[in-house]
file input.txt (compact mmCIF, C-alpha atoms and all ligand atoms)
# COMPACT_ATOMS: atom_id res chain seq x y z
CA MET O 155 49.75 -6.01 21.57
CA THR O 156 52.36 -4.34 23.77
CA PRO O 157 53.21 -0.65 23.18
CA ASP O 158 56.59 -1.75 21.76
CA GLU O 159 54.93 -4.14 19.32
CA ALA O 160 52.40 -1.47 18.33
CA SER O 161 55.15 1.05 17.65
CA ALA O 162 57.17 -1.54 15.66
CA ALA O 163 54.05 -2.37 13.62
CA ALA O 164 53.40 1.34 12.99
CA ALA O 165 57.02 1.82 11.85
CA GLU O 166 56.73 -1.18 9.52
CA LEU O 167 53.49 0.19 8.08
CA ARG O 168 55.13 3.58 7.49
CA ASP O 169 58.00 1.85 5.66
CA ILE O 170 55.58 -0.11 3.48
CA VAL O 171 53.62 3.03 2.61
CA GLN O 172 56.86 4.84 1.76
CA VAL O 173 58.04 2.03 -0.52
CA VAL O 174 54.66 1.80 -2.29
CA ARG O 175 54.54 5.58 -2.70
CA GLU O 176 58.03 5.76 -4.16
CA ASN O 177 57.24 2.90 -6.50
CA LEU O 178 54.06 4.63 -7.74
CA LEU O 179 55.94 7.87 -8.31
CA TRP O 180 58.63 6.00 -10.19
CA GLN O 181 56.00 4.25 -12.32
CA ALA O 182 54.28 7.54 -13.08
CA ALA O 183 57.59 9.13 -14.01
CA SER O 184 58.21 6.18 -16.33
CA GLY O 185 54.96 6.79 -18.20
CA VAL O 186 52.64 4.27 -16.50
CA VAL O 187 49.20 5.85 -16.52
CA GLY O 188 46.98 3.22 -14.99
CA VAL O 189 46.33 -0.38 -14.10
CA PRO O 190 43.60 -2.68 -15.45
CA ARG O 191 40.41 -2.57 -13.40
CA ALA O 192 39.74 -5.71 -11.39
CA ARG O 193 36.86 -6.90 -13.57
CA ASN O 194 39.16 -6.88 -16.61
CA VAL O 195 41.89 -8.91 -14.99
CA ARG O 196 42.09 -12.56 -15.97
CA ARG O 197 43.80 -15.10 -13.77
CA LEU O 198 47.15 -15.41 -15.48
CA GLY O 199 49.75 -18.11 -15.44
CA ALA O 200 53.45 -17.20 -15.38
CA VAL O 201 53.80 -17.20 -19.18
CA ASP O 202 50.60 -15.20 -19.60
CA GLN O 203 51.81 -12.73 -17.01
CA ALA O 204 55.06 -12.13 -18.85
CA GLN O 205 53.17 -11.65 -22.12
CA GLU O 206 50.71 -9.32 -20.44
CA ALA O 207 53.56 -7.26 -18.93
CA GLY O 208 55.21 -6.96 -22.36
CA ALA O 209 51.92 -5.93 -23.95
CA ALA O 210 51.33 -3.40 -21.18
CA ALA O 211 54.80 -1.94 -21.75
CA ARG O 212 54.05 -1.61 -25.46
CA ARG O 213 50.72 0.04 -24.63
CA ALA O 214 52.38 2.38 -22.13
CA PRO O 215 53.18 5.30 -24.43
CA VAL O 216 49.53 6.36 -24.39
CA LEU O 217 50.88 9.80 -23.67
CA GLU O 218 52.89 9.98 -26.89
CA PRO O 219 51.68 12.74 -29.24
CA ALA O 220 51.07 10.22 -32.03
CA GLU O 221 48.40 8.47 -29.97
CA ALA O 222 44.84 9.40 -30.96
CA PRO O 223 43.77 11.61 -28.08
CA GLU O 224 40.52 11.52 -26.24
CA GLU O 225 38.55 14.69 -26.80
CA ARG O 226 36.56 16.61 -24.27
CA PRO O 227 34.99 20.02 -24.56
CA LEU O 228 36.48 22.47 -22.12
CA GLU O 229 34.15 25.12 -20.82
CA LEU O 230 36.66 27.87 -20.67
CA GLY O 231 34.08 30.62 -20.47
CA ARG O 232 33.09 29.42 -17.04
CA ALA O 233 36.48 29.96 -15.45
CA ARG O 234 35.53 33.30 -14.00
CA GLN O 235 32.58 31.91 -12.07
CA GLU O 236 34.55 29.08 -10.51
CA PRO O 237 35.43 29.54 -6.87
CA ALA O 238 39.13 30.25 -6.64
CA ALA O 239 41.04 27.14 -5.63
CA PRO O 240 42.92 27.78 -2.40
CA ALA O 241 46.66 28.01 -2.97
CA HIS O 242 47.14 25.28 -0.39
CA GLU O 243 44.80 22.98 -2.35
CA PRO O 244 46.37 19.53 -2.09
CA ALA O 245 46.48 19.08 -5.86
CA ALA O 246 49.22 16.50 -5.49
CA ARG O 247 46.96 14.19 -3.57
CA GLU O 248 43.92 14.29 -5.86
CA VAL O 249 43.86 11.53 -8.42
CA THR O 250 42.08 12.48 -11.62
CA ALA O 251 41.41 10.61 -14.83
CA VAL O 252 43.69 11.16 -17.79
CA VAL O 253 41.65 13.18 -20.26
CA ARG O 254 43.47 14.61 -23.23
CA VAL O 255 42.50 17.46 -25.48
CA ALA O 256 43.12 16.78 -29.17
CA PRO O 257 46.47 18.35 -30.20
CA GLY O 258 44.76 20.18 -33.05
CA LYS O 259 42.50 22.00 -30.60
CA ARG O 260 45.10 23.05 -28.06
CA LEU O 261 46.27 26.26 -29.71
CA ALA O 262 42.73 27.61 -30.10
CA LEU O 263 41.76 26.65 -26.55
CA LEU O 264 44.87 28.28 -25.14
CA ALA O 265 44.25 31.41 -27.20
CA GLU O 266 40.69 31.55 -25.88
CA LEU O 267 41.93 31.15 -22.33
CA ALA O 268 44.64 33.79 -22.86
CA GLU O 269 41.94 36.22 -24.02
CA GLU O 270 39.99 35.55 -20.88
CA VAL O 271 43.09 36.09 -18.74
CA LYS O 272 43.68 39.46 -20.47
CA GLY O 273 40.47 40.76 -18.95
CA CYS O 274 40.96 39.22 -15.52
CA THR O 275 40.42 41.43 -12.46
CA LYS O 276 40.11 38.62 -9.90
CA CYS O 277 42.91 39.93 -7.71
CA ALA O 278 44.64 43.20 -6.95
CA LEU O 279 47.60 42.43 -9.22
CA HIS O 280 45.60 43.43 -12.29
CA ALA O 281 45.82 47.09 -11.27
CA GLY O 282 49.61 47.21 -11.65
CA ARG O 283 50.11 45.24 -14.84
CA THR O 284 51.12 46.58 -18.24
CA GLN O 285 49.72 43.37 -19.70
CA THR O 286 49.05 39.81 -18.67
CA VAL O 287 51.77 37.21 -19.23
CA PHE O 288 50.14 33.96 -20.24
CA SER O 289 52.69 31.52 -21.64
CA ARG O 290 55.10 30.71 -24.40
CA GLY O 291 56.01 27.55 -26.22
CA ASN O 292 54.53 24.44 -27.74
CA PRO O 293 50.85 23.78 -26.88
CA SER O 294 51.54 20.04 -27.18
CA ALA O 295 54.84 20.03 -25.28
CA GLU O 296 55.84 16.87 -23.43
CA LEU O 297 57.54 19.09 -20.84
CA MET O 298 55.86 22.02 -19.11
CA ILE O 299 57.89 24.43 -17.00
CA VAL O 300 56.17 26.42 -14.28
CA GLY O 301 57.63 29.56 -12.74
CA GLU O 302 56.37 32.12 -10.26
CA GLY O 303 55.14 35.22 -12.04
CA PRO O 304 56.20 37.96 -14.44
CA GLY O 305 58.95 40.41 -13.60
CA ALA O 306 59.49 43.83 -15.15
CA GLU O 307 60.70 42.57 -18.52
CA GLU O 308 58.00 39.95 -18.82
CA ASP O 309 55.38 42.59 -17.93
CA ALA O 310 56.77 44.85 -20.65
CA GLN O 311 57.00 42.15 -23.33
CA GLY O 312 54.00 39.98 -22.40
CA GLU O 313 56.04 36.75 -22.44
CA PRO O 314 57.25 34.65 -19.52
CA PHE O 315 60.96 34.26 -18.77
CA VAL O 316 62.45 36.83 -21.11
CA GLY O 317 64.65 38.63 -18.55
CA PRO O 318 68.00 37.39 -17.16
CA ALA O 319 66.37 34.40 -15.41
CA GLY O 320 64.70 33.57 -18.71
CA GLN O 321 68.00 33.61 -20.56
CA LEU O 322 69.39 31.12 -18.07
CA LEU O 323 66.22 29.05 -18.41
CA ASP O 324 66.68 29.01 -22.18
CA ARG O 325 70.20 27.65 -21.69
CA MET O 326 68.88 24.97 -19.33
CA VAL O 327 66.21 23.99 -21.85
CA GLY O 328 68.87 23.87 -24.57
CA ALA O 329 71.11 21.71 -22.38
CA MET O 330 68.24 19.23 -22.17
CA GLY O 331 68.24 19.05 -25.96
CA TYR O 332 65.10 21.10 -26.63
CA GLU O 333 64.64 24.10 -28.89
CA ARG O 334 63.59 27.18 -26.89
CA ASP O 335 59.91 26.92 -27.80
CA GLU O 336 59.64 23.16 -27.86
CA VAL O 337 58.63 23.18 -24.20
CA TYR O 338 55.64 25.03 -22.71
CA ILE O 339 56.31 27.70 -20.09
CA ALA O 340 53.79 29.36 -17.78
CA ASN O 341 53.66 30.97 -14.37
CA ILE O 342 51.59 30.61 -11.22
CA VAL O 343 50.37 34.23 -11.53
CA LYS O 344 49.85 36.00 -14.82
CA CYS O 345 50.31 39.60 -13.63
CA ARG O 346 53.45 41.19 -12.26
CA PRO O 347 53.50 41.56 -8.46
CA PRO O 348 54.66 45.04 -7.36
CA ASN O 349 58.43 45.32 -6.96
CA ASN O 350 58.71 41.67 -8.01
CA ARG O 351 57.56 40.50 -4.59
CA THR O 352 56.38 36.92 -4.08
CA PRO O 353 52.71 36.49 -5.03
CA GLN O 354 50.38 36.35 -2.03
CA VAL O 355 48.21 33.36 -1.22
CA GLU O 356 45.01 35.07 -2.41
CA GLU O 357 46.67 36.13 -5.66
CA MET O 358 47.87 32.59 -6.31
CA ALA O 359 44.44 31.21 -5.46
CA ALA O 360 42.73 33.61 -7.85
CA CYS O 361 45.09 32.78 -10.71
CA LEU O 362 45.58 29.02 -10.25
CA PRO O 363 42.42 27.93 -12.10
CA TYR O 364 43.98 29.36 -15.26
CA LEU O 365 47.14 27.32 -14.80
CA HIS O 366 45.11 24.18 -14.06
CA LYS O 367 43.32 24.72 -17.39
CA GLN O 368 46.62 25.29 -19.22
CA ILE O 369 47.91 22.00 -17.82
CA GLU O 370 44.71 20.24 -18.81
CA ILE O 371 44.94 21.55 -22.37
CA VAL O 372 48.67 20.98 -22.91
CA SER O 373 48.61 17.67 -21.06
CA PRO O 374 52.38 17.48 -20.55
CA ARG O 375 54.03 14.17 -19.69
CA VAL O 376 56.25 15.80 -17.07
CA MET O 377 56.39 19.20 -15.33
CA LEU O 378 59.31 21.10 -13.89
CA ALA O 379 58.32 23.35 -10.98
CA MET O 380 60.83 26.15 -10.51
CA GLY O 381 61.11 27.58 -7.03
CA ASN O 382 58.96 27.79 -3.91
CA THR O 383 55.95 29.53 -5.42
CA ALA O 384 55.71 27.02 -8.26
CA VAL O 385 55.80 23.98 -5.98
CA ARG O 386 53.34 25.55 -3.55
CA GLY O 387 50.93 26.48 -6.30
CA LEU O 388 51.17 23.23 -8.21
CA LEU O 389 51.42 20.77 -5.37
CA GLY O 390 49.87 22.52 -2.40
CA VAL O 391 52.82 21.62 -0.20
CA SER O 392 54.37 23.86 2.40
CA GLU O 393 57.89 22.38 2.40
CA GLY O 394 60.50 24.62 0.83
CA ILE O 395 62.35 24.01 -2.41
CA MET O 396 65.60 23.23 -0.56
CA ARG O 397 63.98 20.10 0.87
CA LEU O 398 61.82 19.25 -2.12
CA ARG O 399 64.16 19.68 -5.05
CA GLY O 400 65.16 16.51 -6.80
CA LYS O 401 62.21 14.51 -5.41
CA TRP O 402 59.46 13.43 -7.78
CA LYS O 403 55.96 14.55 -6.84
CA LEU O 404 52.62 14.06 -8.56
CA TYR O 405 50.27 16.75 -9.81
CA LYS O 406 46.66 15.65 -9.29
CA GLY O 407 47.90 12.13 -8.73
CA ARG O 408 48.98 11.68 -12.33
CA ILE O 409 51.53 14.09 -13.84
CA PRO O 410 55.06 13.70 -12.46
CA VAL O 411 56.50 16.98 -11.22
CA MET O 412 60.17 17.60 -10.57
CA PRO O 413 60.75 20.49 -8.15
CA THR O 414 63.94 22.40 -8.81
CA TYR O 415 65.52 25.76 -8.15
CA HIS O 416 64.21 28.89 -9.83
CA PRO O 417 66.74 30.23 -12.37
CA ALA O 418 66.75 33.58 -10.54
CA TYR O 419 68.00 31.72 -7.47
CA LEU O 420 70.64 29.99 -9.58
CA LEU O 421 71.86 33.40 -10.73
CA ARG O 422 71.97 34.67 -7.13
CA ALA O 423 73.76 31.52 -5.97
CA GLU O 424 76.56 31.93 -8.56
CA GLY O 425 79.88 32.32 -6.80
CA THR O 426 78.54 31.04 -3.46
CA LYS O 427 79.59 27.76 -1.86
CA ARG O 428 76.43 25.91 -2.78
CA ASP O 429 76.73 24.18 -6.12
CA ALA O 430 73.12 24.89 -6.96
CA LYS O 431 73.63 24.66 -10.72
CA ARG O 432 74.97 21.12 -10.40
CA GLU O 433 71.98 20.17 -8.24
CA ALA O 434 69.61 21.74 -10.78
CA TRP O 435 71.36 19.85 -13.58
CA ASP O 436 70.80 16.60 -11.63
CA ASP O 437 67.08 17.49 -11.52
CA LEU O 438 67.01 18.20 -15.25
CA LYS O 439 68.74 14.89 -15.93
CA ALA O 440 66.07 13.09 -13.88
CA VAL O 441 63.42 14.79 -16.04
CA MET O 442 65.25 13.78 -19.20
CA GLY O 443 65.45 10.22 -17.93
CA ALA O 444 61.70 10.15 -17.24
CA LEU O 445 61.08 11.39 -20.77
CA GLY O 446 63.50 8.89 -22.28
CA ARG O 447 65.94 11.57 -23.43
CA SER O 448 69.67 11.78 -23.08
CA ALA O 449 71.80 14.93 -22.93
CA PRO O 450 72.75 16.18 -26.40
CA THR O 451 76.39 15.69 -27.32
CA LYS O 452 78.42 18.88 -27.45
CA LYS O 453 79.03 20.16 -30.99
CA GLY O 454 82.47 21.10 -32.29
N1 LIG Z 501 60.40 34.57 -13.11
C1 LIG Z 501 59.29 33.78 -13.22
O1 LIG Z 501 59.02 32.99 -12.35
N2 LIG Z 501 58.56 33.88 -14.29
C2 LIG Z 501 58.85 34.71 -15.28
O2 LIG Z 501 58.10 34.73 -16.24
C3 LIG Z 501 59.99 35.50 -15.16
C4 LIG Z 501 60.76 35.41 -14.07
call {"tool": "encode", "arguments": {"input": "input.txt", "output": "structure tokens", "more": "lines below"}}
Ligand code: URA
result
Amino acid sequence: MTPDEASAAAAELRDIVQVVRENLLWQAASGVVGVPRARNVRRLGAVDQAQEAGAAARRAPVLEPAEAPEERPLELGRARQEPAAPAHEPAAREVTAVVRVAPGKRLALLAELAEEVKGCTKCALHAGRTQTVFSRGNPSAELMIVGEGPGAEEDAQGEPFVGPAGQLLDRMVGAMGYERDEVYIANIVKCRPPNNRTPQVEEMAACLPYLHKQIEIVSPRVMLAMGNTAVRGLLGVSEGIMRLRGKWKLYKGRIPVMPTYHPAYLLRAEGTKRDAKREAWDDLKAVMGALGRSAPTKKG
């Protein structure tokens, strides 16, 4: 093979990989959670194939809340002994099995985890907190929203996103047709960083196992990652939000994640040339599409 042929073949291979990757992300965003294992696949004729595809589509909503969930005991008490996952952990590239916690057990498991977080001293942030800020919202939400970490008001009230950025987030959630607490909201770090600075890598690494457990318990169908810290923590990527926003990613190879701007950035960008709110709305619409929702019609 000549060098030109080799480089053309490499370019073709890259294109194929890109197309396959985008297709898998699209399938995941559409609710496809797996494919039959080879030993279960019969040789199908064209008619059989069409029937099988229809049956698969009807089976697809395995993530719907009505579906009887698989149960698995979670050993929450062990979280403290686990080695902290590095913040750059390539969570997006790991593929893990879909294991769901029974909806009836989620509240209790989250409460148990929140208690554990209350006593956490794994990183220096604990020294400056008034209280830990664990989460708010529906433990069985189809949509989970991940932010960076508590600010002054969240630290004072013990709830995420209650300050000005939170009020904007509530409006965004409402625009998607959800009640405020119909979604589940959590942060990468659970304690307020001093002067609202960005959490450091070690702080994120110490706190991330808690978020991974929250995700495992809530088992959302889709996640919205707000801002740089959220995408770094969730996906282990180093690209910034400006490049990533609007592009579907996968958490642990299975939960579609839409990166978008942090509401605090949207507030700062108000009145500037960049139409960040319109871009964010495009991202929210993509999430609604993946969840089979349409924007609510305006009342009055
Ligand atoms: N910003 C965040 O990222 N999280 C909060 O809880 C509040 C503001």
call {"tool": "residues_near_ligand", "arguments": {"input": "input.txt", "ligand": "ligand LIG 501 (chain Z)", "cutoff": "10 Å", "atoms": "all atoms listed in the file", "output": "PyMOL selection string"}}
result
chain O and resi 287-290+299-309+312-321+323+339-346+350+352+379-384+416-419
call {"tool": "write_last_selection", "arguments": {"input": "input.txt", "atoms": "C-alpha atoms", "output": "PDB file, in the frame of the given file"}}
result
ATOM      1  CA  VAL O 287      51.770  37.210 -19.230  1.00  0.00           C
ATOM      2  CA  PHE O 288      50.140  33.960 -20.240  1.00  0.00           C
ATOM      3  CA  SER O 289      52.690  31.520 -21.640  1.00  0.00           C
ATOM      4  CA  ARG O 290      55.100  30.710 -24.400  1.00  0.00           C
ATOM      5  CA  ILE O 299      57.890  24.430 -17.000  1.00  0.00           C
ATOM      6  CA  VAL O 300      56.170  26.420 -14.280  1.00  0.00           C
ATOM      7  CA  GLY O 301      57.630  29.560 -12.740  1.00  0.00           C
ATOM      8  CA  GLU O 302      56.370  32.120 -10.260  1.00  0.00           C
ATOM      9  CA  GLY O 303      55.140  35.220 -12.040  1.00  0.00           C
ATOM     10  CA  PRO O 304      56.200  37.960 -14.440  1.00  0.00           C
ATOM     11  CA  GLY O 305      58.950  40.410 -13.600  1.00  0.00           C
ATOM     12  CA  ALA O 306      59.490  43.830 -15.150  1.00  0.00           C
ATOM     13  CA  GLU O 307      60.700  42.570 -18.520  1.00  0.00           C
ATOM     14  CA  GLU O 308      58.000  39.950 -18.820  1.00  0.00           C
ATOM     15  CA  ASP O 309      55.380  42.590 -17.930  1.00  0.00           C
ATOM     16  CA  GLY O 312      54.000  39.980 -22.400  1.00  0.00           C
ATOM     17  CA  GLU O 313      56.040  36.750 -22.440  1.00  0.00           C
ATOM     18  CA  PRO O 314      57.250  34.650 -19.520  1.00  0.00           C
ATOM     19  CA  PHE O 315      60.960  34.260 -18.770  1.00  0.00           C
ATOM     20  CA  VAL O 316      62.450  36.830 -21.110  1.00  0.00           C
ATOM     21  CA  GLY O 317      64.650  38.630 -18.550  1.00  0.00           C
ATOM     22  CA  PRO O 318      68.000  37.390 -17.160  1.00  0.00           C
ATOM     23  CA  ALA O 319      66.370  34.400 -15.410  1.00  0.00           C
ATOM     24  CA  GLY O 320      64.700  33.570 -18.710  1.00  0.00           C
ATOM     25  CA  GLN O 321      68.000  33.610 -20.560  1.00  0.00           C
ATOM     26  CA  LEU O 323      66.220  29.050 -18.410  1.00  0.00           C
ATOM     27  CA  ILE O 339      56.310  27.700 -20.090  1.00  0.00           C
ATOM     28  CA  ALA O 340      53.790  29.360 -17.780  1.00  0.00           C
ATOM     29  CA  ASN O 341      53.660  30.970 -14.370  1.00  0.00           C
ATOM     30  CA  ILE O 342      51.590  30.610 -11.220  1.00  0.00           C
ATOM     31  CA  VAL O 343      50.370  34.230 -11.530  1.00  0.00           C
ATOM     32  CA  LYS O 344      49.850  36.000 -14.820  1.00  0.00           C
ATOM     33  CA  CYS O 345      50.310  39.600 -13.630  1.00  0.00           C
ATOM     34  CA  ARG O 346      53.450  41.190 -12.260  1.00  0.00           C
ATOM     35  CA  ASN O 350      58.710  41.670  -8.010  1.00  0.00           C
ATOM     36  CA  THR O 352      56.380  36.920  -4.080  1.00  0.00           C
ATOM     37  CA  ALA O 379      58.320  23.350 -10.980  1.00  0.00           C
ATOM     38  CA  MET O 380      60.830  26.150 -10.510  1.00  0.00           C
ATOM     39  CA  GLY O 381      61.110  27.580  -7.030  1.00  0.00           C
ATOM     40  CA  ASN O 382      58.960  27.790  -3.910  1.00  0.00           C
ATOM     41  CA  THR O 383      55.950  29.530  -5.420  1.00  0.00           C
ATOM     42  CA  ALA O 384      55.710  27.020  -8.260  1.00  0.00           C
ATOM     43  CA  HIS O 416      64.210  28.890  -9.830  1.00  0.00           C
ATOM     44  CA  PRO O 417      66.740  30.230 -12.370  1.00  0.00           C
ATOM     45  CA  ALA O 418      66.750  33.580 -10.540  1.00  0.00           C
ATOM     46  CA  TYR O 419      68.000  31.720  -7.470  1.00  0.00           C
TER      47      TYR O 419
END
call {"tool": "atom_distance", "arguments": {"input": "input.txt", "atom1": "atom CA of O:Leu438", "atom2": "atom CA of O:Leu404"}}
result
16.4 Å
call {"tool": "closest_residue", "arguments": {"input": "input.txt", "among": "O:Val327, O:Ala165, O:Ala310, O:Val337", "to": "O:Arg283", "atoms": "only C-alpha atoms"}}
result
O:Ala310
call {"tool": "closest_residue", "arguments": {"input": "input.txt", "among": "O:Glu357, O:Glu269, O:Asp436, O:Glu296", "to": "O:Ala329", "atoms": "only C-alpha atoms"}}
result
O:Asp436
call {"tool": "atom_distance", "arguments": {"input": "input.txt", "atom1": "atom CA of O:Tyr415", "atom2": "atom CA of O:Asp429"}}
result
11.5 Å
call {"tool": "residues_around", "arguments": {"input": "input.txt", "residues": "O:Arg397", "least_positions_apart": "4", "cutoff": "12 Å", "atoms": "all atoms listed in the file", "output": "ChimeraX atom specification"}}
result
/O:381-382,385,391-393,401-402,413-415
call {"tool": "residues_around", "arguments": {"input": "input.txt", "residues": "O:Arg447", "least_positions_apart": "5", "cutoff": "10 Å", "atoms": "all atoms listed in the file", "output": "list in words"}}
result
Met330, Gly331, Lys439, Ala440, Val441 and Met442 of chain O
call {"tool": "atom_distance", "arguments": {"input": "input.txt", "atom1": "atom CA of O:His366", "atom2": "atom CA of O:Lys406"}}
result
9.9 Å
call {"tool": "residues_around", "arguments": {"input": "input.txt", "residues": "stretch 334-336 of chain O", "least_positions_apart": "6", "cutoff": "8 Å", "atoms": "only C-alpha atoms", "output": "PDB file with C-alpha atoms, keeping the file's coordinate frame"}}
result
ATOM      1  CA  ARG O 290      55.100  30.710 -24.400  1.00  0.00           C
ATOM      2  CA  GLY O 291      56.010  27.550 -26.220  1.00  0.00           C
ATOM      3  CA  ASN O 292      54.530  24.440 -27.740  1.00  0.00           C
ATOM      4  CA  ALA O 295      54.840  20.030 -25.280  1.00  0.00           C
ATOM      5  CA  ASP O 324      66.680  29.010 -22.180  1.00  0.00           C
ATOM      6  CA  VAL O 327      66.210  23.990 -21.850  1.00  0.00           C
ATOM      7  CA  GLY O 328      68.870  23.870 -24.570  1.00  0.00           C
TER       8      GLY O 328
END
call {"tool": "axis_aligned_box", "arguments": {"input": "input.txt", "around": "stretch 315-324 of chain O", "padding_each_side": "6 Å", "output": "lines of an AutoDock Vina configuration file"}}
result
center_x = 65.2
center_y = 33.8
center_z = -18.8
size_x = 20.4
size_y = 21.6
size_z = 18.8
